[in-house]
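Accompanying notes for the structure given below.
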Amino acid sequence: MSASTSSAAAARRPQHAAVSQALVLVKLGGSLITDKTRDATPRLDIIDRMAAEIAKAREQKPSLALILGHGSGSFGHPVAARYGVDRGHLSDWHGYAETAAAAQRLNRLVADALLRHGVPAVSVQPSASARALQGRVVALDSETVRRLLGKGLVPLLYGDVALDEAQGCAIISTEEIFCLLARRLRPSRLIEVGEVEGVYANDSGAVIDRIDERNAVAVLASLGQARGVDVTGGMVSKVRLMLEMARSVPGLDGRIISGLQPGLLTRVLVDPHTPGGTSVALSQPAGSRTAF
C-alpha cells in the first residue's frame with residue numbers, strides 16, 4: 001500500500017473527537033418546568049427564569065457552547081401513559097401522534113422563552129430522525145446539532161417519541177438523546193436541573209455529594225419512584241444514564257442541581273467548581289466496566 005493510499009484509508013476511519021472543553025449539555029427537568037400532577041400545565045415563571053439564567057451565563061462566559069434539552073413533564077407523559085406509547089406494540093397509532101404533538105407544545109414554550117431573553121435557541125425535533133431498539137436510541141441526526149453549534153446557535157431538544165425496531169414505538173428521554181450526542185460530540189459537562197437539590201440518601205435524607213463507581217449500585221437500589229406520571233424511569237433512569245455517559249466520555253463531569261434555587265444554574269454554568277447538588281462521574285480507568 002502506498003503512503004498516499006494509507007493516508008486516505010486512515011482519513012476514512014471513524015475518529016473519536018476530543019472532549020470539547022466548552023460544550024455543556026443542560027437538561028431542564030419536566031418536573032421543574034411543568035406541574036406533573038396536572039395535565040399540560042407549564043410553570044411559565046420557572047421556564048422564564050431558566051431562560052434568563054441561561055442568557056446571563058452566556059453573557060458572562062461568551063465561550064460557552066450549549067446544547068439544551070428538556071423533559072416533557074405533564075405534557076407528554078400523561079398522553080404516552082394513556083395510550084401505552086412507552087410500552088410499544090400500539091393498536092391505536094393516534095396516540096403516537098398525540099404524544100409527539102404534546103411534547104412539541106411544551107418545546108415551543110421553552111424555545112419562545114429562550115428567544116425572548118436573547119438565547120438563539122433552535123428546536124430540533126428528535127422524532128424526525130431518531131430510531132430506537134427496545135427503548136434505547138440507536139440512531140439520531142447529530143450532524144444538524146453540530147452544524148447549529150458551529151453557527152453560534154443553541155440546539156434545543158426534548159423528550160419525544162421514536163419508532164422502535166423491536167416494539168414499534170417508544171418514548172425516548174432527553175437523557176437517552178444526550179447519551180448518543182455525548183458519544184459523538186464529546187461534551188465536557190452535563191447539568192441536570194430539576195426540582196430537588198440533588199440525589200438524596202435514603203438513610204439520612206442528606207444530598208449525596210458524589211455518585212461514582214464506588215457507590216453507584218447502592219444509590220440506584222435505594223432510589224424511590226418519581227412524583228407524578230413518568231414513563232421514562234424517573235431518577236433511577238436519570239442517574240443510570242448519566243453514569244453511562246460518564247463511562248463513554250472519559251472526563252465528563254455530571255451534575256444534578258435544583259432549578260428552584262434562583263441563580264444557581266447561571267453560577268454552575270459559569271464556574272464548574274460552584275458548590276451544590278450531586279456530581280455524577282467515574283474515576284475508574286478507561287476500559288474497565290461496572291454493572292450499574
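Lettering and numbering for the C-alpha cells are positional, with chains as A, B, ... in the shown order, residues counted from 1 in each chain, and ligands counted from 1 in the shown order.
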
Strand (DSSP E or B) positions in stretch 180-235 of chain A, given as a PyMOL selection string:
chain A and resi 187-194+200+207+210-211

Write out as a PyMOL selection string the set of residues from stretch 81-168 of chain A that DSSP, computed on the backbone, places in helix (DSSP H, G or I).
chain A and resi 81-83+85-87+94-116+126-128+143-150

What's around A:Val199 at 7 Å? Count only C-alpha atoms, leave out sequence neighbours fewer than 3 positions away in its own chain, and write the answer as an NGL selection string.
:A and (207-208 or 278)

For A:Glu143, which of A:Leu180, A:Val217, A:Tyr200, A:Leu115 is the closest residue, counting only C-alpha atoms?
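Among A:Leu180, A:Val217, A:Tyr200, A:Leu115, it is A:Leu180 that comes nearest to A:Glu143.
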
Would you kindly return, as a short mmCIF file (atom, residue, chain, number, x, y, z; two decimals) with N, CA and C atoms, in the first residue's frame, each protein, DNA or RNA residue with an atom no farther than 8 Å from any atom of A:Leu68, considering only C-alpha atoms and excluding same-chain residues fewer than 6 positions away?
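Now in around-v7.cif:
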```
data_model
loop_
_atom_site.label_atom_id
_atom_site.label_comp_id
_atom_site.auth_asym_id
_atom_site.auth_seq_id
_atom_site.Cartn_x
_atom_site.Cartn_y
_atom_site.Cartn_z
N LEU A 25 -23.95 20.19 28.08
CA LEU A 25 -25.33 19.74 27.88
C LEU A 25 -26.13 20.13 29.12
N VAL A 26 -27.30 20.73 28.91
CA VAL A 26 -28.15 21.15 30.02
C VAL A 26 -29.55 20.61 29.79
N LYS A 27 -30.06 19.88 30.78
CA LYS A 27 -31.44 19.42 30.69
C LYS A 27 -32.29 20.08 31.77
N LEU A 28 -33.40 20.67 31.35
CA LEU A 28 -34.39 21.21 32.29
C LEU A 28 -35.44 20.12 32.50
N VAL A 154 -27.98 27.66 19.57
CA VAL A 154 -28.17 26.77 20.72
C VAL A 154 -29.23 25.73 20.37
N PRO A 155 -28.82 24.51 20.04
CA PRO A 155 -29.80 23.46 19.75
C PRO A 155 -30.65 23.16 20.99
N LEU A 156 -31.94 22.98 20.76
CA LEU A 156 -32.88 22.69 21.84
C LEU A 156 -33.64 21.42 21.50
N LEU A 157 -33.36 20.34 22.24
CA LEU A 157 -34.03 19.06 22.03
C LEU A 157 -34.95 18.77 23.21
#
```

Minimum-distance residue to A:Ala121, chosen among A:Leu44, A:Ala281, A:Val236, A:Ile54 (using only C-alpha atoms):
A:Ile54

Just how far from atom CA of A:Leu264 is atom CA of A:His77, in Å to one decimal?
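Computed distance, atom CA of A:His77 to atom CA of A:Leu264, equals 27.1 Å.
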
So that each row is one residue of stretch 33-71 of chain A with an atom at most 10 Å from stretch 191-197 of chain A, can you give its shortest atom pair and the distance in Å to one decimal, using only C-alpha atoms, rows by chain and rising number, as JSON lines?
```
{"residue": "A:Ile33", "atom": "CA", "partner": "A:Gly194", "partner_atom": "CA", "distance": 8.4}
{"residue": "A:Met50", "atom": "CA", "partner": "A:Val193", "partner_atom": "CA", "distance": 9.4}
{"residue": "A:Leu68", "atom": "CA", "partner": "A:Ile191", "partner_atom": "CA", "distance": 9.7}
{"residue": "A:Gly69", "atom": "CA", "partner": "A:Glu192", "partner_atom": "CA", "distance": 9.5}
{"residue": "A:His70", "atom": "CA", "partner": "A:Val193", "partner_atom": "CA", "distance": 9.2}
{"residue": "A:Gly71", "atom": "CA", "partner": "A:Gly194", "partner_atom": "CA", "distance": 10.0}
```

Same residues, C-alpha atoms, saved as a tab-separated table (two decimals), in the first residue's frame:
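Writing the result to result13.tsv gives the following:
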```tsv
chain	number	residue	atom	x	y	z
A	33	ILE	CA	-40.86	23.30	34.12
A	50	MET	CA	-34.39	29.33	33.49
A	68	LEU	CA	-30.23	22.36	25.74
A	69	GLY	CA	-32.86	19.75	26.37
A	70	HIS	CA	-35.98	19.40	28.46
A	71	GLY	CA	-38.37	16.74	29.65
```

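Using only C-alpha atoms, the protein and nucleic acid residues lying no more than 7 Å from A:Ala162, apart from those fewer than 3 places from it along its own chain, are Ser127, Ala130, Arg131, Ala132, Cys169, Ala170, Ile171 and Ile172 of chain A.
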
Keeping only C-alpha atoms, take the residues you just selected and write them out as a PDB file, in the first residue's frame.
```pdb
ATOM      1  CA  SER A 127     -38.577  12.058  16.395  1.00  0.00           C
ATOM      2  CA  ALA A 130     -34.495   9.100  15.875  1.00  0.00           C
ATOM      3  CA  ARG A 131     -34.837   5.328  15.828  1.00  0.00           C
ATOM      4  CA  ALA A 132     -34.891   3.133  18.898  1.00  0.00           C
ATOM      5  CA  CYS A 169     -42.570   2.718  19.077  1.00  0.00           C
ATOM      6  CA  ALA A 170     -41.009   4.062  22.249  1.00  0.00           C
ATOM      7  CA  ILE A 171     -40.633   7.125  24.414  1.00  0.00           C
ATOM      8  CA  ILE A 172     -37.092   8.487  24.319  1.00  0.00           C
TER       9      ILE A 172
END
```

Go through A:Ala216, A:Leu260, A:Leu243, A:Leu109 and flag the residue nearest A:Glu53, using only C-alpha atoms for the distances.
A:Leu260

Quick one: residues within 8 Å of A:Ala113, only C-alpha atoms counted, chain neighbours fewer than 5 positions away excluded, as a ChimeraX atom specification?
/A:47-48,51

Go ahead and dump the residues you just picked, C-alpha atoms, as a CSV table (one decimal), in the first residue's frame.
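Final output, result.csv:
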```csv
chain,number,residue,atom,x,y,z
A,47,ILE,CA,-39.4,28.5,32.3
A,48,ASP,CA,-38.8,32.2,32.0
A,51,ALA,CA,-34.2,31.1,30.1
```

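Of the listed residues A:Val79, A:Leu153, A:Met242, A:Leu133, the one whose atoms come nearest to A:Arg255 is A:Met242, with distances taken using only C-alpha atoms.
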